[in-house]
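Heads up, the thing below is written out as structure tokens.
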Amino acid sequence: PSAICYYQEAITIAKKLRDTKRYLFCMLNLQSVYILIKEFEQAYEVSIEVKQAFEKDPTIKTTISEAAYYLNLMAIQLEWQQFHTIEPLFQAFEAIPMIDRHNREQMYYQCMKGRYFNELGHYSEAITELEAAFTFIKKTEEEPFLTMILENLITAYENTGNYQAALHYAKAFNKKLLDTQKKRVT
């Protein structure tokens, strides 16, 4: 995909300019692209480079960059079913200074926790996290998290036997799919 090429070029330029902040920004975005296209090995390789950049120059760490690093790593570990590595990532995320002031990152975090609890079969905990994330994301309808939240809410409610709530979110999910298809056709 062209996004990968653009980020790789931007990374090359940032390295030449020795601009570590832009380098980090581009690396985190490249990692996100790899996650979106399900190239988890490449995304993990980028996470290793990001971690090394943090260790080499701790001044480039910001609340947002550190949050992005941990959230992306959580997504990778969830896809790989590496559940034993996720709890420490939750703790590291929660320890990020001033993270409680960043609603968008908190929503992503709740989404990741909801997915994690669904995978473990802890559906009531999943519902708690996903409902909180859904409350925030309803305002933005940001992809791909809206889809992920809706899919996981449906799963959690079905597994708890609350088919009415599952149907409610299934309808919201289908409406979202229809809206997306209408936009593509238009």
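A note on labels: chains of the structure tokens are A, B, ... as shown, every chain counts residues from 1, and ligands are counted from 1 in their shown order.
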Residues near Ala75 in chain A, anyone? I mean within 12 Å using only C-alpha atoms, not counting same-chain ones fewer than 6 positions away, as an MDAnalysis selection string. chainID A and resid 31:32 34:36 38:41 43:44 47 68:69 81:83 85:86 89:90 108:109 111:116 145 148
Those same residues - N, CA and C atoms - I'd like them written as an mmCIF file, in the first residue's frame.
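What follows is the written file result-v6.cif:
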```cif
data_model
loop_
_atom_site.group_PDB
_atom_site.id
_atom_site.type_symbol
_atom_site.label_atom_id
_atom_site.label_comp_id
_atom_site.auth_asym_id
_atom_site.auth_seq_id
_atom_site.Cartn_x
_atom_site.Cartn_y
_atom_site.Cartn_z
ATOM 1 N N GLN A 31 3.465 1.519 12.040
ATOM 2 C CA GLN A 31 3.041 0.350 12.812
ATOM 3 C C GLN A 31 1.514 0.200 12.760
ATOM 4 N N SER A 32 0.799 1.293 12.898
ATOM 5 C CA SER A 32 -0.662 1.253 12.842
ATOM 6 C C SER A 32 -1.162 0.767 11.483
ATOM 7 N N TYR A 34 0.452 -1.251 9.441
ATOM 8 C CA TYR A 34 0.701 -2.696 9.408
ATOM 9 C C TYR A 34 -0.366 -3.459 10.189
ATOM 10 N N ILE A 35 -0.787 -2.916 11.321
ATOM 11 C CA ILE A 35 -1.831 -3.578 12.109
ATOM 12 C C ILE A 35 -3.145 -3.592 11.333
ATOM 13 N N LEU A 36 -3.484 -2.469 10.702
ATOM 14 C CA LEU A 36 -4.735 -2.393 9.942
ATOM 15 C C LEU A 36 -4.788 -3.399 8.799
ATOM 16 N N LYS A 38 -3.184 -6.165 8.832
ATOM 17 C CA LYS A 38 -2.923 -7.467 9.457
ATOM 18 C C LYS A 38 -1.552 -8.049 9.117
ATOM 19 N N GLU A 39 -0.578 -7.171 9.019
ATOM 20 C CA GLU A 39 0.823 -7.571 8.841
ATOM 21 C C GLU A 39 1.501 -7.443 10.208
ATOM 22 N N PHE A 40 1.167 -8.378 11.090
ATOM 23 C CA PHE A 40 1.553 -8.252 12.493
ATOM 24 C C PHE A 40 3.046 -8.449 12.729
ATOM 25 N N GLU A 41 3.682 -9.244 11.914
ATOM 26 C CA GLU A 41 5.132 -9.419 12.084
ATOM 27 C C GLU A 41 5.860 -8.116 11.813
ATOM 28 N N ALA A 43 4.522 -5.136 12.011
ATOM 29 C CA ALA A 43 4.129 -4.218 13.080
ATOM 30 C C ALA A 43 4.960 -4.473 14.332
ATOM 31 N N TYR A 44 5.209 -5.734 14.630
ATOM 32 C CA TYR A 44 6.019 -6.061 15.799
ATOM 33 C C TYR A 44 7.466 -5.591 15.626
ATOM 34 N N SER A 47 7.591 -2.102 16.436
ATOM 35 C CA SER A 47 7.491 -1.855 17.880
ATOM 36 C C SER A 47 8.847 -2.015 18.559
ATOM 37 N N ALA A 68 0.330 5.215 22.187
ATOM 38 C CA ALA A 68 0.249 4.561 20.880
ATOM 39 C C ALA A 68 1.117 3.309 20.848
ATOM 40 N N TYR A 69 2.300 3.410 21.406
ATOM 41 C CA TYR A 69 3.207 2.257 21.456
ATOM 42 C C TYR A 69 2.542 1.078 22.172
ATOM 43 N N GLN A 81 -2.693 -14.030 20.197
ATOM 44 C CA GLN A 81 -3.199 -14.793 21.345
ATOM 45 C C GLN A 81 -2.133 -14.959 22.437
ATOM 46 N N GLN A 82 -1.325 -13.947 22.616
ATOM 47 C CA GLN A 82 -0.275 -13.932 23.643
ATOM 48 C C GLN A 82 -0.824 -13.258 24.903
ATOM 49 N N PHE A 83 -1.815 -13.895 25.516
ATOM 50 C CA PHE A 83 -2.542 -13.272 26.611
ATOM 51 C C PHE A 83 -1.670 -13.002 27.835
ATOM 52 N N THR A 85 1.171 -11.809 27.958
ATOM 53 C CA THR A 85 1.973 -10.584 27.808
ATOM 54 C C THR A 85 1.120 -9.314 27.865
ATOM 55 N N ILE A 86 -0.187 -9.469 27.892
ATOM 56 C CA ILE A 86 -1.061 -8.300 27.785
ATOM 57 C C ILE A 86 -1.270 -7.592 29.120
ATOM 58 N N LEU A 89 1.176 -4.990 29.817
ATOM 59 C CA LEU A 89 0.971 -3.834 28.937
ATOM 60 C C LEU A 89 -0.135 -2.931 29.478
ATOM 61 N N PHE A 90 -1.179 -3.525 30.065
ATOM 62 C CA PHE A 90 -2.231 -2.733 30.699
ATOM 63 C C PHE A 90 -1.634 -1.889 31.823
ATOM 64 N N TYR A 108 -9.494 3.773 23.202
ATOM 65 C CA TYR A 108 -8.778 2.681 22.550
ATOM 66 C C TYR A 108 -8.384 1.617 23.576
ATOM 67 N N TYR A 109 -7.935 2.093 24.721
ATOM 68 C CA TYR A 109 -7.520 1.185 25.795
ATOM 69 C C TYR A 109 -8.696 0.329 26.269
ATOM 70 N N CYS A 111 -11.271 -0.449 24.566
ATOM 71 C CA CYS A 111 -11.551 -1.372 23.468
ATOM 72 C C CYS A 111 -10.622 -2.584 23.543
ATOM 73 N N MET A 112 -9.334 -2.335 23.756
ATOM 74 C CA MET A 112 -8.366 -3.438 23.862
ATOM 75 C C MET A 112 -8.676 -4.332 25.067
ATOM 76 N N LYS A 113 -9.020 -3.706 26.189
ATOM 77 C CA LYS A 113 -9.359 -4.492 27.377
ATOM 78 C C LYS A 113 -10.624 -5.316 27.128
ATOM 79 N N GLY A 114 -11.596 -4.709 26.452
ATOM 80 C CA GLY A 114 -12.826 -5.435 26.123
ATOM 81 C C GLY A 114 -12.547 -6.648 25.248
ATOM 82 N N ARG A 115 -11.711 -6.454 24.227
ATOM 83 C CA ARG A 115 -11.328 -7.590 23.361
ATOM 84 C C ARG A 115 -10.629 -8.669 24.172
ATOM 85 N N TYR A 116 -9.718 -8.249 25.048
ATOM 86 C CA TYR A 116 -8.966 -9.178 25.896
ATOM 87 C C TYR A 116 -9.915 -9.988 26.785
ATOM 88 N N PHE A 145 -12.142 1.337 15.165
ATOM 89 C CA PHE A 145 -12.536 0.997 16.524
ATOM 90 C C PHE A 145 -14.039 0.854 16.695
ATOM 91 N N MET A 148 -14.817 -2.633 15.674
ATOM 92 C CA MET A 148 -14.268 -3.561 16.660
ATOM 93 C C MET A 148 -15.105 -3.566 17.940
#
```
For Pro88 in chain A: contacts at 12 Å, only C-alpha atoms, fewer than 4 positions along chain excluded, given as a ChimeraX atom specification: /A:70,73-74,77,82-84,92-95
Let me make sure I understand: among A:Phe173, A:Leu24, A:Lys182, A:Glu119, which one has the smallest atom-to-atom distance to Trp80 in chain A if we use only C-alpha atoms?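 Distance minimum relative to Trp80 in chain A lands on A:Glu119.
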Using only C-alpha atoms, the residue out of A:Asn159, A:Gln110, A:Lys175, A:Thr180 with shortest distance to Glu143 in chain A is A:Thr180
What's around range 7-9 of chain A at 6 Å? Count only C-alpha atoms, leave out sequence neighbours fewer than 2 positions away in its own chain, and write the answer as a short mmCIF file (atom, residue, chain, number, x, y, z; two decimals) with N, CA, C and O atoms, in the first residue's frame.
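Done, and the output landed in part_15.cif:
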```cif
data_model
loop_
_atom_site.label_atom_id
_atom_site.label_comp_id
_atom_site.auth_asym_id
_atom_site.auth_seq_id
_atom_site.Cartn_x
_atom_site.Cartn_y
_atom_site.Cartn_z
N ILE A 4 2.33 2.78 3.31
CA ILE A 4 3.58 2.20 3.81
C ILE A 4 4.77 2.87 3.13
O ILE A 4 5.74 3.26 3.79
N CYS A 5 4.69 3.04 1.83
CA CYS A 5 5.79 3.69 1.10
C CYS A 5 6.00 5.12 1.57
O CYS A 5 7.14 5.56 1.76
N ILE A 11 10.26 8.31 7.14
CA ILE A 11 11.21 7.80 8.14
C ILE A 11 12.64 8.03 7.67
O ILE A 11 13.50 8.48 8.44
N THR A 12 12.89 7.77 6.39
CA THR A 12 14.22 7.99 5.82
C THR A 12 14.61 9.47 5.93
O THR A 12 15.74 9.80 6.32
N CYS A 26 6.31 8.90 12.67
CA CYS A 26 6.17 8.11 11.44
C CYS A 26 6.23 6.61 11.74
O CYS A 26 5.48 5.83 11.14
N LEU A 30 3.34 4.03 10.90
CA LEU A 30 3.64 2.87 10.06
C LEU A 30 3.19 1.59 10.76
O LEU A 30 2.58 0.71 10.14
#
```
Please provide as a PDB file with N, CA, C and O atoms, in the first residue's frame all residues within 10 Å of Met98 in chain A, with the sequence filter that same-chain residues fewer than 4 positions apart are discarded (counting only C-alpha atoms).
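The resulting file, result_34.pdb, is reproduced below:
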```
ATOM      1  N   THR A  62       6.178  11.072  24.651  1.00  0.00           N
ATOM      2  CA  THR A  62       5.071  11.929  25.072  1.00  0.00           C
ATOM      3  C   THR A  62       3.957  11.009  25.550  1.00  0.00           C
ATOM      4  O   THR A  62       4.011   9.792  25.335  1.00  0.00           O
ATOM      5  N   THR A  63       2.975  11.581  26.173  1.00  0.00           N
ATOM      6  CA  THR A  63       1.839  10.767  26.615  1.00  0.00           C
ATOM      7  C   THR A  63       1.235  10.029  25.425  1.00  0.00           C
ATOM      8  O   THR A  63       0.982   8.825  25.488  1.00  0.00           O
ATOM      9  N   ILE A  64       1.047  10.734  24.330  1.00  0.00           N
ATOM     10  CA  ILE A  64       0.409  10.151  23.153  1.00  0.00           C
ATOM     11  C   ILE A  64       1.305   9.101  22.499  1.00  0.00           C
ATOM     12  O   ILE A  64       0.831   8.027  22.118  1.00  0.00           O
ATOM     13  N   GLU A  94      -1.462   2.213  32.017  1.00  0.00           N
ATOM     14  CA  GLU A  94      -2.064   2.959  33.120  1.00  0.00           C
ATOM     15  C   GLU A  94      -1.040   3.818  33.863  1.00  0.00           C
ATOM     16  O   GLU A  94      -1.408   4.801  34.501  1.00  0.00           O
ATOM     17  N   HIS A 102      -6.539  11.995  28.347  1.00  0.00           N
ATOM     18  CA  HIS A 102      -6.642  11.740  26.905  1.00  0.00           C
ATOM     19  C   HIS A 102      -7.770  10.745  26.619  1.00  0.00           C
ATOM     20  O   HIS A 102      -7.580   9.537  26.653  1.00  0.00           O
TER      21      HIS A 102
END
```
From a DSSP calculation on the backbone, collect every residue of range 98-141 of chain A in helix (DSSP H, G or I) and output the set as an NGL selection string. :A and (99-101 or 103-120 or 123-137)
Written file, previous selection with C-alpha atoms, as a PDB file, in the first residue's frame:
```pdb
ATOM      1  CA  ILE A  99      -2.947   9.430  30.383  1.00  0.00           C
ATOM      2  CA  ASP A 100      -6.242  10.021  32.186  1.00  0.00           C
ATOM      3  CA  ARG A 101      -6.533  13.371  30.350  1.00  0.00           C
ATOM      4  CA  ASN A 103     -10.146  10.482  26.155  1.00  0.00           C
ATOM      5  CA  ARG A 104      -9.376   9.077  22.731  1.00  0.00           C
ATOM      6  CA  GLU A 105      -6.497   6.932  23.996  1.00  0.00           C
ATOM      7  CA  GLN A 106      -8.593   5.825  26.980  1.00  0.00           C
ATOM      8  CA  MET A 107     -11.304   4.720  24.548  1.00  0.00           C
ATOM      9  CA  TYR A 108      -8.778   2.681  22.550  1.00  0.00           C
ATOM     10  CA  TYR A 109      -7.520   1.185  25.795  1.00  0.00           C
ATOM     11  CA  GLN A 110     -11.040   0.212  26.873  1.00  0.00           C
ATOM     12  CA  CYS A 111     -11.551  -1.372  23.468  1.00  0.00           C
ATOM     13  CA  MET A 112      -8.366  -3.438  23.862  1.00  0.00           C
ATOM     14  CA  LYS A 113      -9.359  -4.492  27.377  1.00  0.00           C
ATOM     15  CA  GLY A 114     -12.826  -5.435  26.123  1.00  0.00           C
ATOM     16  CA  ARG A 115     -11.328  -7.590  23.361  1.00  0.00           C
ATOM     17  CA  TYR A 116      -8.966  -9.178  25.896  1.00  0.00           C
ATOM     18  CA  PHE A 117     -11.772 -10.005  28.345  1.00  0.00           C
ATOM     19  CA  ASN A 118     -13.871 -11.428  25.497  1.00  0.00           C
ATOM     20  CA  GLU A 119     -10.980 -13.705  24.520  1.00  0.00           C
ATOM     21  CA  LEU A 120     -10.677 -14.914  28.124  1.00  0.00           C
ATOM     22  CA  TYR A 123     -17.877 -11.274  29.312  1.00  0.00           C
ATOM     23  CA  SER A 124     -19.201  -8.986  32.059  1.00  0.00           C
ATOM     24  CA  GLU A 125     -15.795  -7.262  32.291  1.00  0.00           C
ATOM     25  CA  ALA A 126     -15.712  -7.054  28.487  1.00  0.00           C
ATOM     26  CA  ILE A 127     -19.146  -5.420  28.447  1.00  0.00           C
ATOM     27  CA  THR A 128     -18.101  -2.841  31.060  1.00  0.00           C
ATOM     28  CA  GLU A 129     -15.027  -1.797  29.065  1.00  0.00           C
ATOM     29  CA  LEU A 130     -16.710  -1.905  25.658  1.00  0.00           C
ATOM     30  CA  GLU A 131     -19.798   0.033  26.779  1.00  0.00           C
ATOM     31  CA  ALA A 132     -17.524   2.796  28.099  1.00  0.00           C
ATOM     32  CA  ALA A 133     -15.611   2.829  24.808  1.00  0.00           C
ATOM     33  CA  PHE A 134     -18.860   2.837  22.816  1.00  0.00           C
ATOM     34  CA  THR A 135     -20.188   5.836  24.772  1.00  0.00           C
ATOM     35  CA  PHE A 136     -17.161   7.842  23.670  1.00  0.00           C
ATOM     36  CA  ILE A 137     -16.933   6.592  20.098  1.00  0.00           C
TER      37      ILE A 137
END
```
d(CA of Ala166 in chain A, CA of Asn72 in chain A) in Å: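 CA of Asn72 in chain A lies 27.4 Å from CA of Ala166 in chain A.
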If we count only C-alpha atoms, what is near range 16-23 of chain A at a cut-off of 9 Å, once residues fewer than 4 positions away on the same chain are taken out, given as a VMD selection string? chain A and resid 10 to 12 27 to 28 53 57 60 to 61
Those same residues, written as a short mmCIF file (atom, residue, chain, number, x, y, z; two decimals), in the first residue's frame with N, CA and C atoms?
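And here is the file that came out, selection_35.cif:
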```cif
data_model
loop_
_atom_site.label_atom_id
_atom_site.label_comp_id
_atom_site.auth_asym_id
_atom_site.auth_seq_id
_atom_site.Cartn_x
_atom_site.Cartn_y
_atom_site.Cartn_z
N ALA A 10 9.16 8.99 4.68
CA ALA A 10 9.21 10.00 5.74
C ALA A 10 10.20 9.59 6.84
N ILE A 11 10.26 8.31 7.14
CA ILE A 11 11.21 7.80 8.14
C ILE A 11 12.64 8.03 7.67
N THR A 12 12.89 7.77 6.39
CA THR A 12 14.22 7.99 5.82
C THR A 12 14.61 9.47 5.93
N MET A 27 7.10 6.22 12.66
CA MET A 27 7.20 4.80 13.02
C MET A 27 5.89 4.30 13.64
N LEU A 28 5.32 5.07 14.54
CA LEU A 28 4.07 4.67 15.18
C LEU A 28 2.93 4.59 14.16
N ALA A 53 14.09 3.37 20.26
CA ALA A 53 14.14 4.83 20.15
C ALA A 53 13.80 5.47 21.51
N ASP A 57 16.53 7.78 23.46
CA ASP A 57 16.24 9.18 23.73
C ASP A 57 14.89 9.30 24.45
N ILE A 60 11.89 11.91 23.77
CA ILE A 60 10.91 11.87 22.68
C ILE A 60 9.59 11.25 23.12
N LYS A 61 9.58 10.67 24.30
CA LYS A 61 8.34 10.08 24.82
C LYS A 61 7.36 11.19 25.19
#
```
Can you tell me, as a VMD selection string, what residues are no more than 9 Å from Ala170 in chain A when counting only C-alpha atoms, ignoring any on the same chain fewer than 4 positions away? chain A and resid 150 to 151 153 to 154 165 to 166 174 to 175
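CA of Val50 in chain A is found 9.5 Å from CA of Ser65 in chain A.
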Here CA of Val46 in chain A and CA of Ser2 in chain A stand apart by 17.4 Å
Closest to Asn152 in chain A among A:Tyr169, A:Ala67, A:Gln52, A:Asn29, using only C-alpha atoms?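 So, comparing all the options, the nearest one is A:Tyr169.
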